[in-house]
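What follows is the content of upload-v5.pdb, which has PDB, C-alpha atoms and all ligand atoms:
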```
ATOM      1  CA  MET A 255      18.651  20.339  -7.197
ATOM      2  CA  LEU A 256      17.656  17.137  -8.949
ATOM      3  CA  GLY A 257      16.949  19.088 -12.153
ATOM      4  CA  GLN A 258      20.386  20.728 -11.959
ATOM      5  CA  LEU A 259      22.229  17.480 -11.220
ATOM      6  CA  GLY A 260      20.521  15.620 -14.092
ATOM      7  CA  ASP A 261      19.887  11.922 -14.709
ATOM      8  CA  GLY A 262      22.728  10.761 -12.462
ATOM      9  CA  ALA A 263      20.966  12.049  -9.343
ATOM     10  CA  LYS A 264      18.271  10.432  -7.192
ATOM     11  CA  PHE A 265      16.123  11.443  -4.241
ATOM     12  CA  LEU A 266      16.822   9.704  -0.923
ATOM     13  CA  ALA A 267      13.912   9.351   1.530
ATOM     14  CA  GLY A 268      13.987   6.550   4.140
ATOM     15  CA  GLY A 269      16.611   4.659   2.130
ATOM     16  CA  GLN A 270      14.886   1.317   2.797
ATOM     17  CA  SER A 271      14.624   0.466  -0.909
ATOM     18  CA  LEU A 272      17.392   2.630  -2.344
ATOM     19  CA  ILE A 273      20.225   1.820   0.091
ATOM     20  CA  PRO A 274      19.893  -1.990  -0.378
ATOM     21  CA  LEU A 275      20.017  -1.388  -4.164
ATOM     22  CA  LEU A 276      23.186   0.691  -3.743
ATOM     23  CA  LYS A 277      24.751  -2.030  -1.580
ATOM     24  CA  LEU A 278      23.997  -4.627  -4.247
ATOM     25  CA  ARG A 279      25.373  -2.264  -6.950
ATOM     26  CA  PHE A 280      22.028  -2.428  -8.783
ATOM     27  CA  ALA A 281      21.851   1.389  -8.621
ATOM     28  CA  ASN A 282      24.827   3.737  -8.965
ATOM     29  CA  PRO A 283      23.586   7.330  -8.752
ATOM     30  CA  GLU A 284      26.280  10.014  -8.930
ATOM     31  CA  HIS A 285      24.406  12.181  -6.423
ATOM     32  CA  LEU A 286      21.795  11.651  -3.730
ATOM     33  CA  VAL A 287      19.440  14.528  -2.910
ATOM     34  CA  ASP A 288      18.424  13.885   0.694
ATOM     35  CA  LEU A 289      14.786  14.780   1.395
ATOM     36  CA  ASN A 290      15.189  14.231   5.146
ATOM     37  CA  PHE A 291      16.301  17.845   5.710
ATOM     38  CA  ILE A 292      13.153  19.442   4.248
ATOM     39  CA  PRO A 293      10.864  20.599   7.094
ATOM     40  CA  HIS A 294       7.085  19.991   7.197
ATOM     41  CA  THR A 295       7.157  16.970   4.862
ATOM     42  CA  SER A 296       6.204  14.446   7.547
ATOM     43  CA  PHE A 297       2.664  14.856   8.870
ATOM     44  CA  ILE A 298      -0.721  13.186   9.237
ATOM     45  CA  LYS A 299      -3.723  15.528   9.162
ATOM     46  CA  GLU A 300      -7.468  15.153   8.946
ATOM     47  CA  ASP A 301      -8.923  17.748   6.604
ATOM     48  CA  SER A 302     -12.353  18.031   4.903
ATOM     49  CA  GLY A 303     -13.202  14.344   5.166
ATOM     50  CA  ALA A 304      -9.760  13.120   4.133
ATOM     51  CA  LEU A 305      -6.500  12.011   5.750
ATOM     52  CA  ARG A 306      -3.416  13.748   4.355
ATOM     53  CA  PHE A 307       0.012  12.165   4.693
ATOM     54  CA  GLY A 308       3.232  14.062   4.022
ATOM     55  CA  ALA A 309       5.449  12.068   1.672
ATOM     56  CA  MET A 310       8.155  11.699   4.352
ATOM     57  CA  THR A 311       5.764  10.236   6.935
ATOM     58  CA  ARG A 312       7.317   6.994   8.223
ATOM     59  CA  HIS A 313       5.428   3.708   8.217
ATOM     60  CA  ALA A 314       5.766   3.615  12.049
ATOM     61  CA  GLU A 315       4.133   7.045  12.430
ATOM     62  CA  ILE A 316       1.154   5.812  10.424
ATOM     63  CA  GLU A 317       1.004   2.546  12.398
ATOM     64  CA  ASN A 318       0.858   4.472  15.679
ATOM     65  CA  SER A 319      -1.321   7.430  14.692
ATOM     66  CA  PRO A 320      -4.711   7.718  16.487
ATOM     67  CA  LEU A 321      -6.020   9.617  13.422
ATOM     68  CA  VAL A 322      -5.348   6.641  11.162
ATOM     69  CA  ARG A 323      -7.808   4.562  13.220
ATOM     70  CA  ARG A 324     -10.413   6.300  11.032
ATOM     71  CA  ILE A 325      -9.254   3.947   8.229
ATOM     72  CA  PRO A 326      -8.253   0.643   9.894
ATOM     73  CA  LEU A 327      -7.004  -0.868   6.617
ATOM     74  CA  LEU A 328      -4.183   1.712   6.592
ATOM     75  CA  GLN A 329      -3.130   0.836  10.118
ATOM     76  CA  ASP A 330      -3.127  -2.880   9.190
ATOM     77  CA  CYS A 331      -0.896  -2.092   6.233
ATOM     78  CA  ALA A 332       1.621   0.070   8.113
ATOM     79  CA  ALA A 333       1.887  -2.415  11.004
ATOM     80  CA  GLY A 334       2.783  -5.289   8.662
ATOM     81  CA  ILE A 335       5.632  -3.640   6.767
ATOM     82  CA  ALA A 336       8.874  -5.440   7.619
ATOM     83  CA  ASP A 337      10.237  -4.862  11.120
ATOM     84  CA  VAL A 338      10.460  -1.900  13.470
ATOM     85  CA  GLN A 339      13.786  -0.678  12.016
ATOM     86  CA  VAL A 340      12.387  -0.532   8.477
ATOM     87  CA  ARG A 341       9.105   1.007   9.650
ATOM     88  CA  ASN A 342      11.007   3.709  11.571
ATOM     89  CA  ARG A 343      12.862   4.833   8.422
ATOM     90  CA  GLY A 344      10.738   3.892   5.374
ATOM     91  CA  THR A 345       8.242   6.476   4.100
ATOM     92  CA  ILE A 346       4.854   6.265   2.430
ATOM     93  CA  GLY A 347       5.995   8.623  -0.356
ATOM     94  CA  GLY A 348       9.139   6.570  -1.023
ATOM     95  CA  SER A 349       7.114   3.368  -1.149
ATOM     96  CA  LEU A 350       4.720   4.748  -3.789
ATOM     97  CA  ALA A 351       7.592   6.292  -5.798
ATOM     98  CA  GLU A 352       9.435   2.951  -5.756
ATOM     99  CA  ALA A 353       6.343   1.053  -7.051
ATOM    100  CA  ASP A 354       7.812  -2.284  -5.983
ATOM    101  CA  PRO A 355       5.348  -5.027  -7.058
ATOM    102  CA  SER A 356       5.655  -6.539  -3.563
ATOM    103  CA  GLY A 357       5.292  -3.190  -1.758
ATOM    104  CA  ASP A 358       2.255  -2.878   0.492
ATOM    105  CA  TRP A 359       1.179   0.764   0.206
ATOM    106  CA  ALA A 360      -0.033   0.859  -3.408
ATOM    107  CA  ASN A 361      -1.978  -2.376  -2.895
ATOM    108  CA  ALA A 362      -3.702  -1.021   0.214
ATOM    109  CA  LEU A 363      -4.360   2.541  -0.977
ATOM    110  CA  ILE A 364      -5.818   1.479  -4.323
ATOM    111  CA  THR A 365      -8.984   0.233  -2.580
ATOM    112  CA  LEU A 366      -9.578   3.764  -1.245
ATOM    113  CA  ASP A 367     -10.050   7.083  -3.009
ATOM    114  CA  THR A 368      -6.367   8.104  -3.064
ATOM    115  CA  THR A 369      -4.655  11.040  -4.764
ATOM    116  CA  VAL A 370      -0.896  11.542  -5.027
ATOM    117  CA  HIS A 371       0.257  15.169  -4.941
ATOM    118  CA  CYS A 372       3.453  15.865  -6.856
ATOM    119  CA  LEU A 373       5.718  18.869  -7.321
ATOM    120  CA  GLY A 374       8.356  19.586  -9.972
ATOM    121  CA  PRO A 375       9.948  22.481 -11.892
ATOM    122  CA  LEU A 376       6.759  22.733 -13.984
ATOM    123  CA  GLY A 377       4.575  23.128 -10.880
ATOM    124  CA  ALA A 378       2.261  20.988  -8.760
ATOM    125  CA  ARG A 379      -0.145  18.319  -9.977
ATOM    126  CA  SER A 380      -2.482  15.762  -8.378
ATOM    127  CA  ILE A 381      -2.647  12.253  -9.791
ATOM    128  CA  ALA A 382      -5.255   9.633  -8.900
ATOM    129  CA  LEU A 383      -3.390   6.550  -7.616
ATOM    130  CA  PRO A 384      -4.557   4.266 -10.487
ATOM    131  CA  ASP A 385      -2.900   6.719 -12.915
ATOM    132  CA  PHE A 386       0.205   7.144 -10.765
ATOM    133  CA  ILE A 387       1.331   3.484 -10.734
ATOM    134  CA  LYS A 388       2.146   2.628 -14.343
ATOM    135  CA  ASP A 389       3.936  -0.716 -14.034
ATOM    136  CA  ALA A 390       6.428  -2.574 -11.844
ATOM    137  CA  TYR A 391       8.937   0.065 -10.597
ATOM    138  CA  THR A 392       7.346   2.648 -12.920
ATOM    139  CA  THR A 393       5.240   5.655 -11.958
ATOM    140  CA  ALA A 394       3.894   8.806 -13.613
ATOM    141  CA  LEU A 395       6.646  10.863 -11.907
ATOM    142  CA  ALA A 396       9.073  12.797 -14.086
ATOM    143  CA  HIS A 397      12.746  12.385 -13.135
ATOM    144  CA  ASP A 398      12.849  15.724 -11.326
ATOM    145  CA  GLU A 399       9.386  15.461  -9.765
ATOM    146  CA  LEU A 400       8.649  14.773  -6.083
ATOM    147  CA  VAL A 401       5.776  13.137  -4.267
ATOM    148  CA  THR A 402       4.784  15.725  -1.649
ATOM    149  CA  GLU A 403       1.573  14.344  -0.158
ATOM    150  CA  ILE A 404      -0.883  11.449  -0.300
ATOM    151  CA  LYS A 405      -4.546  12.270   0.274
ATOM    152  CA  VAL A 406      -7.018   9.517   1.203
ATOM    153  CA  GLN A 407     -10.772  10.148   1.496
ATOM    154  CA  ILE A 408     -12.245   8.737   4.714
ATOM    155  CA  PRO A 409     -14.886   6.155   3.716
ATOM    156  CA  PRO A 410     -18.455   6.920   4.856
ATOM    157  CA  GLN A 411     -20.237   5.356   7.882
ATOM    158  CA  GLY A 412     -21.101   1.715   7.279
ATOM    159  CA  SER A 413     -17.761   1.050   5.550
ATOM    160  CA  GLY A 414     -15.069  -1.322   6.723
ATOM    161  CA  GLY A 415     -11.759  -2.531   5.372
ATOM    162  CA  ALA A 416      -8.892  -4.887   6.112
ATOM    163  CA  TYR A 417      -5.374  -5.435   4.809
ATOM    164  CA  LEU A 418      -3.826  -8.871   5.238
ATOM    165  CA  ALA A 419      -0.428 -10.186   4.245
ATOM    166  CA  PHE A 420       1.141 -13.620   4.514
ATOM    167  CA  LYS A 421       4.840 -13.406   5.360
ATOM    168  CA  ARG A 422       7.574 -16.003   5.812
ATOM    169  CA  THR A 423       9.129 -13.868   8.561
ATOM    170  CA  ALA A 424       8.556 -10.289   9.725
ATOM    171  CA  PRO A 425      11.414  -8.495   7.929
ATOM    172  CA  VAL A 426      10.562  -9.725   4.427
ATOM    173  CA  TYR A 427       8.058  -8.700   1.792
ATOM    174  CA  PRO A 428       4.796 -10.710   1.786
ATOM    175  CA  THR A 429       4.319 -13.868  -0.253
ATOM    176  CA  ALA A 430       0.810 -12.609  -1.037
ATOM    177  CA  SER A 431      -1.390  -9.836   0.318
ATOM    178  CA  THR A 432      -4.844  -8.377  -0.115
ATOM    179  CA  ALA A 433      -6.805  -5.239   0.645
ATOM    180  CA  VAL A 434     -10.601  -5.384   0.964
ATOM    181  CA  GLN A 435     -12.757  -2.291   1.474
ATOM    182  CA  LEU A 436     -16.539  -2.744   1.779
ATOM    183  CA  ALA A 437     -19.518  -0.377   1.960
ATOM    184  CA  MET A 438     -22.419  -2.141   3.691
ATOM    185  CA  GLU A 439     -26.119  -1.358   4.058
ATOM    186  CA  GLY A 440     -27.303  -3.696   6.787
ATOM    187  CA  ASP A 441     -26.295  -7.169   5.639
ATOM    188  CA  ILE A 442     -26.080  -6.169   1.987
ATOM    189  CA  CYS A 443     -22.779  -5.239   0.383
ATOM    190  CA  LYS A 444     -23.388  -1.970  -1.475
ATOM    191  CA  ASP A 445     -19.871  -1.671  -2.841
ATOM    192  CA  ALA A 446     -16.562  -3.526  -2.686
ATOM    193  CA  ALA A 447     -12.959  -2.842  -3.644
ATOM    194  CA  ILE A 448     -10.539  -5.774  -3.613
ATOM    195  CA  SER A 449      -6.879  -5.634  -4.531
ATOM    196  CA  LEU A 450      -4.280  -8.420  -4.639
ATOM    197  CA  GLY A 451      -0.567  -7.927  -3.942
ATOM    198  CA  CYS A 452       2.603  -9.883  -4.894
ATOM    199  CA  VAL A 453       0.661 -11.951  -7.444
ATOM    200  CA  GLY A 454       1.325  -9.799 -10.525
ATOM    201  CA  LEU A 455       3.602  -7.093 -11.918
ATOM    202  CA  THR A 456       1.633  -4.486  -9.947
ATOM    203  CA  TYR A 457      -1.303  -4.787  -7.581
ATOM    204  CA  ILE A 458      -4.253  -6.541  -9.299
ATOM    205  CA  ARG A 459      -7.751  -5.143  -8.894
ATOM    206  CA  ALA A 460     -10.001  -8.243  -8.544
ATOM    207  CA  ALA A 461     -12.971  -6.713 -10.404
ATOM    208  CA  ASP A 462     -14.883 -10.011 -10.770
ATOM    209  CA  ALA A 463     -14.563 -10.708  -7.058
ATOM    210  CA  GLU A 464     -15.911  -7.208  -6.333
ATOM    211  CA  SER A 465     -18.921  -7.826  -8.651
ATOM    212  CA  VAL A 466     -19.688 -11.100  -6.870
ATOM    213  CA  LEU A 467     -20.101  -9.235  -3.566
ATOM    214  CA  ARG A 468     -21.979  -6.146  -4.801
ATOM    215  CA  GLY A 469     -25.713  -6.210  -4.035
ATOM    216  CA  HIS A 470     -25.577  -9.437  -1.998
ATOM    217  CA  PRO A 471     -25.628 -10.446   1.664
ATOM    218  CA  LEU A 472     -22.163 -11.646   2.649
ATOM    219  CA  ASP A 473     -22.932 -15.300   3.398
ATOM    220  CA  GLU A 474     -20.335 -18.077   3.169
ATOM    221  CA  LYS A 475     -21.373 -19.012  -0.391
ATOM    222  CA  ILE A 476     -20.915 -15.469  -1.742
ATOM    223  CA  ILE A 477     -17.615 -15.029   0.106
ATOM    224  CA  ALA A 478     -16.339 -18.349  -1.288
ATOM    225  CA  ALA A 479     -17.361 -17.256  -4.811
ATOM    226  CA  ALA A 480     -15.453 -13.962  -4.360
ATOM    227  CA  ALA A 481     -12.386 -15.894  -3.194
ATOM    228  CA  ASP A 482     -12.638 -18.123  -6.294
ATOM    229  CA  ALA A 483     -12.802 -15.019  -8.503
ATOM    230  CA  ALA A 484      -9.701 -13.614  -6.749
ATOM    231  CA  HIS A 485      -7.946 -16.958  -7.335
ATOM    232  CA  ALA A 486      -8.693 -16.622 -11.060
ATOM    233  CA  ALA A 487      -7.554 -12.972 -11.191
ATOM    234  CA  ALA A 488      -4.129 -13.623  -9.627
ATOM    235  CA  ASP A 489      -1.228 -13.904 -12.050
ATOM    236  CA  PRO A 490       1.751 -14.846  -9.863
ATOM    237  CA  GLN A 491       5.296 -15.835 -10.801
ATOM    238  CA  PRO A 492       6.903 -18.809  -9.048
ATOM    239  CA  ASP A 493       9.913 -17.801  -6.936
ATOM    240  CA  MET A 494      11.626 -18.578  -3.613
ATOM    241  CA  ARG A 495       8.396 -17.626  -1.835
ATOM    242  CA  GLY A 496       6.370 -20.379  -3.521
ATOM    243  CA  SER A 497       4.915 -21.791  -6.725
ATOM    244  CA  ALA A 498       2.308 -19.919  -8.766
ATOM    245  CA  ASP A 499      -0.412 -22.376  -7.642
ATOM    246  CA  TYR A 500       0.540 -21.937  -3.999
ATOM    247  CA  LYS A 501       0.354 -18.133  -4.263
ATOM    248  CA  ARG A 502      -3.038 -18.287  -6.027
ATOM    249  CA  ALA A 503      -4.442 -20.503  -3.260
ATOM    250  CA  LEU A 504      -2.871 -18.272  -0.614
ATOM    251  CA  VAL A 505      -4.270 -15.025  -1.982
ATOM    252  CA  ALA A 506      -7.768 -16.536  -2.256
ATOM    253  CA  ALA A 507      -7.608 -17.594   1.412
ATOM    254  CA  LEU A 508      -6.444 -14.098   2.409
ATOM    255  CA  VAL A 509      -9.336 -12.507   0.487
ATOM    256  CA  LYS A 510     -11.837 -14.711   2.326
ATOM    257  CA  LYS A 511     -10.402 -13.780   5.728
ATOM    258  CA  ALA A 512     -10.140 -10.072   4.847
ATOM    259  CA  ILE A 513     -13.808  -9.942   3.722
ATOM    260  CA  HIS A 514     -14.870 -11.346   7.111
ATOM    261  CA  ILE A 515     -12.807  -8.738   9.018
ATOM    262  CA  ALA A 516     -13.933  -5.870   6.737
ATOM    263  CA  ALA A 517     -17.616  -6.801   7.161
ATOM    264  CA  ARG A 518     -17.296  -6.923  10.964
ATOM    265  CA  ARG A 519     -15.513  -3.559  11.003
ATOM    266  CA  ALA A 520     -18.285  -2.114   8.793
ATOM    267  CA  ARG A 521     -20.707  -3.151  11.567
ATOM    268  CA  GLY A 522     -18.651  -1.058  14.007
ATOM    269  CA  GLU A 523     -16.690  -3.889  15.667
ATOM    270  CA  HIS A 524     -13.138  -3.052  16.727
ATOM    271  CA  ILE A 525     -10.977  -5.891  15.493
ATOM    272  CA  GLU A 526      -7.192  -5.957  15.493
ATOM    273  CA  GLY A 527      -6.097  -7.035  12.035
ATOM    274  CA  SER A 528      -3.278  -9.549  12.203
ATOM    275  CA  HIS A 529      -0.978 -10.580   9.406
ATOM    276  CA  LEU A 530      -0.145 -14.243   9.013
ATOM    277  CA  TYR A 531       3.431 -15.383   9.613
ATOM    278  CA  ALA A 532       4.668 -18.793   8.457
TER     279      ALA A 532
HETATM  280  C1  LIG B 601      14.468  -5.691   4.992
HETATM  281  C2  LIG B 601      13.385  -4.909   4.325
HETATM  282  C3  LIG B 601      12.091  -5.415   4.311
HETATM  283  C4  LIG B 601      11.057  -4.693   3.708
HETATM  284  N1  LIG B 601       9.792  -5.216   3.725
HETATM  285  C5  LIG B 601       8.775  -4.497   3.181
HETATM  286  C6  LIG B 601       7.441  -4.980   3.252
HETATM  287  O1  LIG B 601       7.136  -6.024   3.824
HETATM  288  N2  LIG B 601       6.466  -4.240   2.632
HETATM  289  C7  LIG B 601       6.756  -3.029   2.014
HETATM  290  O2  LIG B 601       5.847  -2.392   1.487
HETATM  291  N3  LIG B 601       8.006  -2.561   1.969
HETATM  292  C8  LIG B 601       9.024  -3.236   2.535
HETATM  293  N4  LIG B 601      10.297  -2.730   2.488
HETATM  294  C9  LIG B 601      10.538  -1.443   1.765
HETATM  295  C10 LIG B 601      10.229  -0.235   2.613
HETATM  296  O3  LIG B 601       8.841  -0.143   2.832
HETATM  297  C11 LIG B 601      10.681   1.059   1.975
HETATM  298  O4  LIG B 601      10.618   1.968   3.016
HETATM  299  C12 LIG B 601       9.898   1.688   0.840
HETATM  300  O5  LIG B 601       9.746   0.818  -0.205
HETATM  301  C13 LIG B 601      10.629   2.894   0.231
HETATM  302  O6  LIG B 601      10.529   4.011   1.044
HETATM  303  P1  LIG B 601      11.820   4.813   1.483
HETATM  304  O7  LIG B 601      11.333   6.038   2.150
HETATM  305  O8  LIG B 601      12.744   3.951   2.241
HETATM  306  O9  LIG B 601      12.439   5.245   0.046
HETATM  307  P2  LIG B 601      13.937   5.255  -0.501
HETATM  308  O10 LIG B 601      14.539   3.907  -0.409
HETATM  309  O11 LIG B 601      14.704   6.381   0.081
HETATM  310  O12 LIG B 601      13.603   5.608  -2.024
HETATM  311  C14 LIG B 601      12.980   4.662  -2.867
HETATM  312  C15 LIG B 601      12.835   5.284  -4.275
HETATM  313  O13 LIG B 601      11.842   6.295  -4.282
HETATM  314  C16 LIG B 601      12.402   7.574  -4.637
HETATM  315  N5  LIG B 601      11.749   8.521  -3.730
HETATM  316  C17 LIG B 601      11.717   8.462  -2.385
HETATM  317  N6  LIG B 601      10.927   9.422  -1.888
HETATM  318  C18 LIG B 601      10.451  10.111  -2.939
HETATM  319  C19 LIG B 601       9.547  11.212  -3.082
HETATM  320  N7  LIG B 601       8.993  11.820  -2.017
HETATM  321  N8  LIG B 601       9.266  11.666  -4.333
HETATM  322  C20 LIG B 601       9.819  11.061  -5.407
HETATM  323  N9  LIG B 601      10.650  10.010  -5.353
HETATM  324  C21 LIG B 601      10.965   9.546  -4.122
HETATM  325  C22 LIG B 601      13.910   7.423  -4.445
HETATM  326  O14 LIG B 601      14.646   8.253  -5.338
HETATM  327  C23 LIG B 601      14.112   5.949  -4.781
HETATM  328  O15 LIG B 601      14.183   5.780  -6.166
HETATM  329  C24 LIG B 601      11.337  -3.427   3.087
HETATM  330  C25 LIG B 601      12.652  -2.912   3.113
HETATM  331  C26 LIG B 601      13.671  -3.642   3.731
HETATM  332  C27 LIG B 601      15.037  -3.043   3.753
END
```
Any chance you could give the structure as structure tokens?
Amino acid sequence: MLGQLGDGAKFLAGGQSLIPLLKLRFANPEHLVDLNFIPHTSFIKEDSGALRFGAMTRHAEIENSPLVRRIPLLQDCAAGIADVQVRNRGTIGGSLAEADPSGDWANALITLDTTVHCLGPLGARSIALPDFIKDAYTTALAHDELVTEIKVQIPPQGSGGAYLAFKRTAPVYPTASTAVQLAMEGDICKDAAISLGCVGLTYIRAADAESVLRGHPLDEKIIAAAADAAHAAADPQPDMRGSADYKRALVAALVKKAIHIAARRARGEHIEGSHLYA
């Protein structure tokens, strides 16, 4: 339908990004193609060592899914998105397709092995998440192409992750956020993935902070050095949520806290992640 209707048409999923844009007259599509009537597009399944999410799966379904406890970072992320109303409507597929620089899903999923499955008139294709997000509000999707599914590999035993956001109030995007996923061998960090949100035009992979952790025991000195590296990697814009310096300091503090939670989860501890509210 989108192919037939042409450039003036847009998909509608949960409407939690698109409808506010329509209300503000920032978007004026001639037609909306409503995905909500397509059956079997909302699901969470465990399959061959991966979790598969239908594109129309709502944030709230992910927050409340017992299966998603296999990857606590994802539950942290879903639980922190806005308020219950937004979480009941907004979808994981819509969030990735929107590629909002402040959106939580891309920032969380990038620390895991994530593939985005897409479908269009030319057929189906699978795109690794780093290749899917091209820039702020820009993805690899063609105009008439859909996200159908998001596949996330379940990290092996001895792994732990955490997603933390700092928010001024619940129903707003974070001021800064971070995702940390660790693979531990005893006290030694074998591998680390750290991503920073709301401090750049897309998520920022804090590669230097990851290198600081790799191959070391996670003592306070190493964790502080990783937080410093995250501080240096952030590239925030000042806005109503705070100055650039404030956001850099904030994201570094979030990284520190998230490393502590991720390391404890890697040891098998069950810890409720909790976002920080001003
Ligand atoms: C008050 C408020 C607070 C919010 N706070 C947060 C927050 O803290 N963190 C956060 O991450 N998000 C937040 N959001 C956004 C919310 O998460 C949205 O749900 C999400 O960004 C978009 O998903 P959606 O299903 O609502 O998509 P829609 O708004 O329906 O669509 C968004 C865009 O994606 C396209 N699209 C949708 N689905 C598909 C698909 N399957 N394939 C291809 N293209 C598709 C649409 O054409 C449109 O261009 C907030 C929204 C509101 C209204």
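Of the residues under consideration (A:Lys264, A:His371, A:His529, A:His313), A:His371 shows the shortest atom-to-atom contact distance to A:Phe386 when counting all atoms listed in the file.
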Compile the contact shell of A:Ile442 as a PDB file with C-alpha atoms, keeping the file's coordinate frame: residues with an atom at most 6 Å away, counting all atoms listed in the file, same-chain residues fewer than 2 positions apart removed.
```
ATOM      1  CA  MET A 438     -22.419  -2.141   3.691  1.00  0.00           C
ATOM      2  CA  GLU A 439     -26.119  -1.358   4.058  1.00  0.00           C
ATOM      3  CA  GLY A 440     -27.303  -3.696   6.787  1.00  0.00           C
ATOM      4  CA  HIS A 470     -25.577  -9.437  -1.998  1.00  0.00           C
ATOM      5  CA  PRO A 471     -25.628 -10.446   1.664  1.00  0.00           C
TER       6      PRO A 471
END
```
To one decimal place, how far is atom CA of A:Lys421 from atom CA of A:Gly334 in Å?
9.0 Å
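When atom CA of A:Asp330 is paired with atom CA of A:Asp499, their separation reads 25.9 Å.
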Selected by the PyMOL selection byres (((not hetatm)) within 7 of (chain B and resi 601)) in the shown coordinates: which residues, as JSON, numbers by chain?
{"A": [264, 265, 266, 267, 268, 269, 270, 271, 272, 273, 274, 309, 310, 334, 335, 336, 340, 341, 343, 344, 345, 346, 347, 348, 349, 351, 352, 354, 356, 357, 358, 359, 399, 400, 401, 402, 425, 426, 427, 428]}
As a check of understanding, name the residues that the PyMOL selection byres (((chain A and resi 513) around 8) and not hetatm) selects in the supplied structure, as a VMD selection string.
chain A and resid 415 to 416 434 436 477 509 to 512 514 to 517
Take the residues from that selection and put them in a file with C-alpha atoms, as a PDB file, keeping the file's coordinate frame.
```pdb
ATOM      1  CA  GLY A 415     -11.759  -2.531   5.372  1.00  0.00           C
ATOM      2  CA  ALA A 416      -8.892  -4.887   6.112  1.00  0.00           C
ATOM      3  CA  VAL A 434     -10.601  -5.384   0.964  1.00  0.00           C
ATOM      4  CA  LEU A 436     -16.539  -2.744   1.779  1.00  0.00           C
ATOM      5  CA  ILE A 477     -17.615 -15.029   0.106  1.00  0.00           C
ATOM      6  CA  VAL A 509      -9.336 -12.507   0.487  1.00  0.00           C
ATOM      7  CA  LYS A 510     -11.837 -14.711   2.326  1.00  0.00           C
ATOM      8  CA  LYS A 511     -10.402 -13.780   5.728  1.00  0.00           C
ATOM      9  CA  ALA A 512     -10.140 -10.072   4.847  1.00  0.00           C
ATOM     10  CA  HIS A 514     -14.870 -11.346   7.111  1.00  0.00           C
ATOM     11  CA  ILE A 515     -12.807  -8.738   9.018  1.00  0.00           C
ATOM     12  CA  ALA A 516     -13.933  -5.870   6.737  1.00  0.00           C
ATOM     13  CA  ALA A 517     -17.616  -6.801   7.161  1.00  0.00           C
TER      14      ALA A 517
END
```
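The coordinates place atom CA of A:Tyr531 at 24.3 Å from atom CA of A:Ala483.
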Given 4 Å on each side, where is the centre and what are the edge lengths in Å to one decimal of the axis-aligned box enclosing the listed atoms of stretch 292-297 of chain A, as lines of an AutoDock Vina configuration file?
```
center_x = 7.9
center_y = 17.5
center_z = 6.6
size_x = 18.5
size_y = 14.2
size_z = 12.6
```
Spatial sel., origin (1.3, -12.1, -1.9), limit 6 Å, all atoms listed in the file, listed as a PDB file with C-alpha atoms, in the frame of the given file:
```
ATOM      1  CA  PRO A 428       4.796 -10.710   1.786  1.00  0.00           C
ATOM      2  CA  THR A 429       4.319 -13.868  -0.253  1.00  0.00           C
ATOM      3  CA  ALA A 430       0.810 -12.609  -1.037  1.00  0.00           C
ATOM      4  CA  SER A 431      -1.390  -9.836   0.318  1.00  0.00           C
ATOM      5  CA  GLY A 451      -0.567  -7.927  -3.942  1.00  0.00           C
ATOM      6  CA  CYS A 452       2.603  -9.883  -4.894  1.00  0.00           C
ATOM      7  CA  VAL A 453       0.661 -11.951  -7.444  1.00  0.00           C
TER       8      VAL A 453
END
```
Run the PyMOL selection byres (((chain A and resi 433) around 7) and not hetatm) mentally over the shown coordinates, then write out the matched residues as a PDB file with C-alpha atoms, in the frame of the given file, using the chain letters and numbers from the document.
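out_4.pdb, written as the output of this step:
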```
ATOM      1  CA  ASN A 361      -1.978  -2.376  -2.895  1.00  0.00           C
ATOM      2  CA  ALA A 362      -3.702  -1.021   0.214  1.00  0.00           C
ATOM      3  CA  THR A 365      -8.984   0.233  -2.580  1.00  0.00           C
ATOM      4  CA  ALA A 416      -8.892  -4.887   6.112  1.00  0.00           C
ATOM      5  CA  TYR A 417      -5.374  -5.435   4.809  1.00  0.00           C
ATOM      6  CA  LEU A 418      -3.826  -8.871   5.238  1.00  0.00           C
ATOM      7  CA  THR A 432      -4.844  -8.377  -0.115  1.00  0.00           C
ATOM      8  CA  VAL A 434     -10.601  -5.384   0.964  1.00  0.00           C
ATOM      9  CA  GLN A 435     -12.757  -2.291   1.474  1.00  0.00           C
ATOM     10  CA  ILE A 448     -10.539  -5.774  -3.613  1.00  0.00           C
ATOM     11  CA  SER A 449      -6.879  -5.634  -4.531  1.00  0.00           C
ATOM     12  CA  LEU A 450      -4.280  -8.420  -4.639  1.00  0.00           C
TER      13      LEU A 450
END
```
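Compared by their closest atoms to A:Glu523, and using all atoms listed in the file, the residues A:Pro490, A:Gly412, A:Gly454, A:Gly496 rank with A:Gly412 nearest.
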Which residues, written as a JSON list (two decimals) with C-alpha atoms, in the frame of the given file, have at least one atom at most 9 Å from A:Gly262, with all atoms listed in the file counted and residues fewer than 6 positions away on the same chain left out?
```
[["chain", "number", "residue", "atom", "x", "y", "z"],
["A", 256, "LEU", "CA", 17.66, 17.14, -8.95],
["A", 282, "ASN", "CA", 24.83, 3.74, -8.96],
["A", 283, "PRO", "CA", 23.59, 7.33, -8.75],
["A", 284, "GLU", "CA", 26.28, 10.01, -8.93],
["A", 285, "HIS", "CA", 24.41, 12.18, -6.42],
["A", 286, "LEU", "CA", 21.80, 11.65, -3.73]]
```
Distance cut-off 12 Å, centre (16.5, 23.8, -7.4) in file coordinates, counting all atoms listed in the file: which residues qualify? Return them as number ranges by chain.
A: 255-260, 287, 373-376, 398-399
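Of the listed residues (A:Ala396, A:Ala532, A:Leu366, A:Asp473), A:Leu366 comes nearest to A:Ala437; the distances count only C-alpha atoms.
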Looking at only C-alpha atoms, which of A:Cys443, A:Ala488, A:Val370, A:Ala419 is the one that sits closest to A:Val466?
A:Cys443
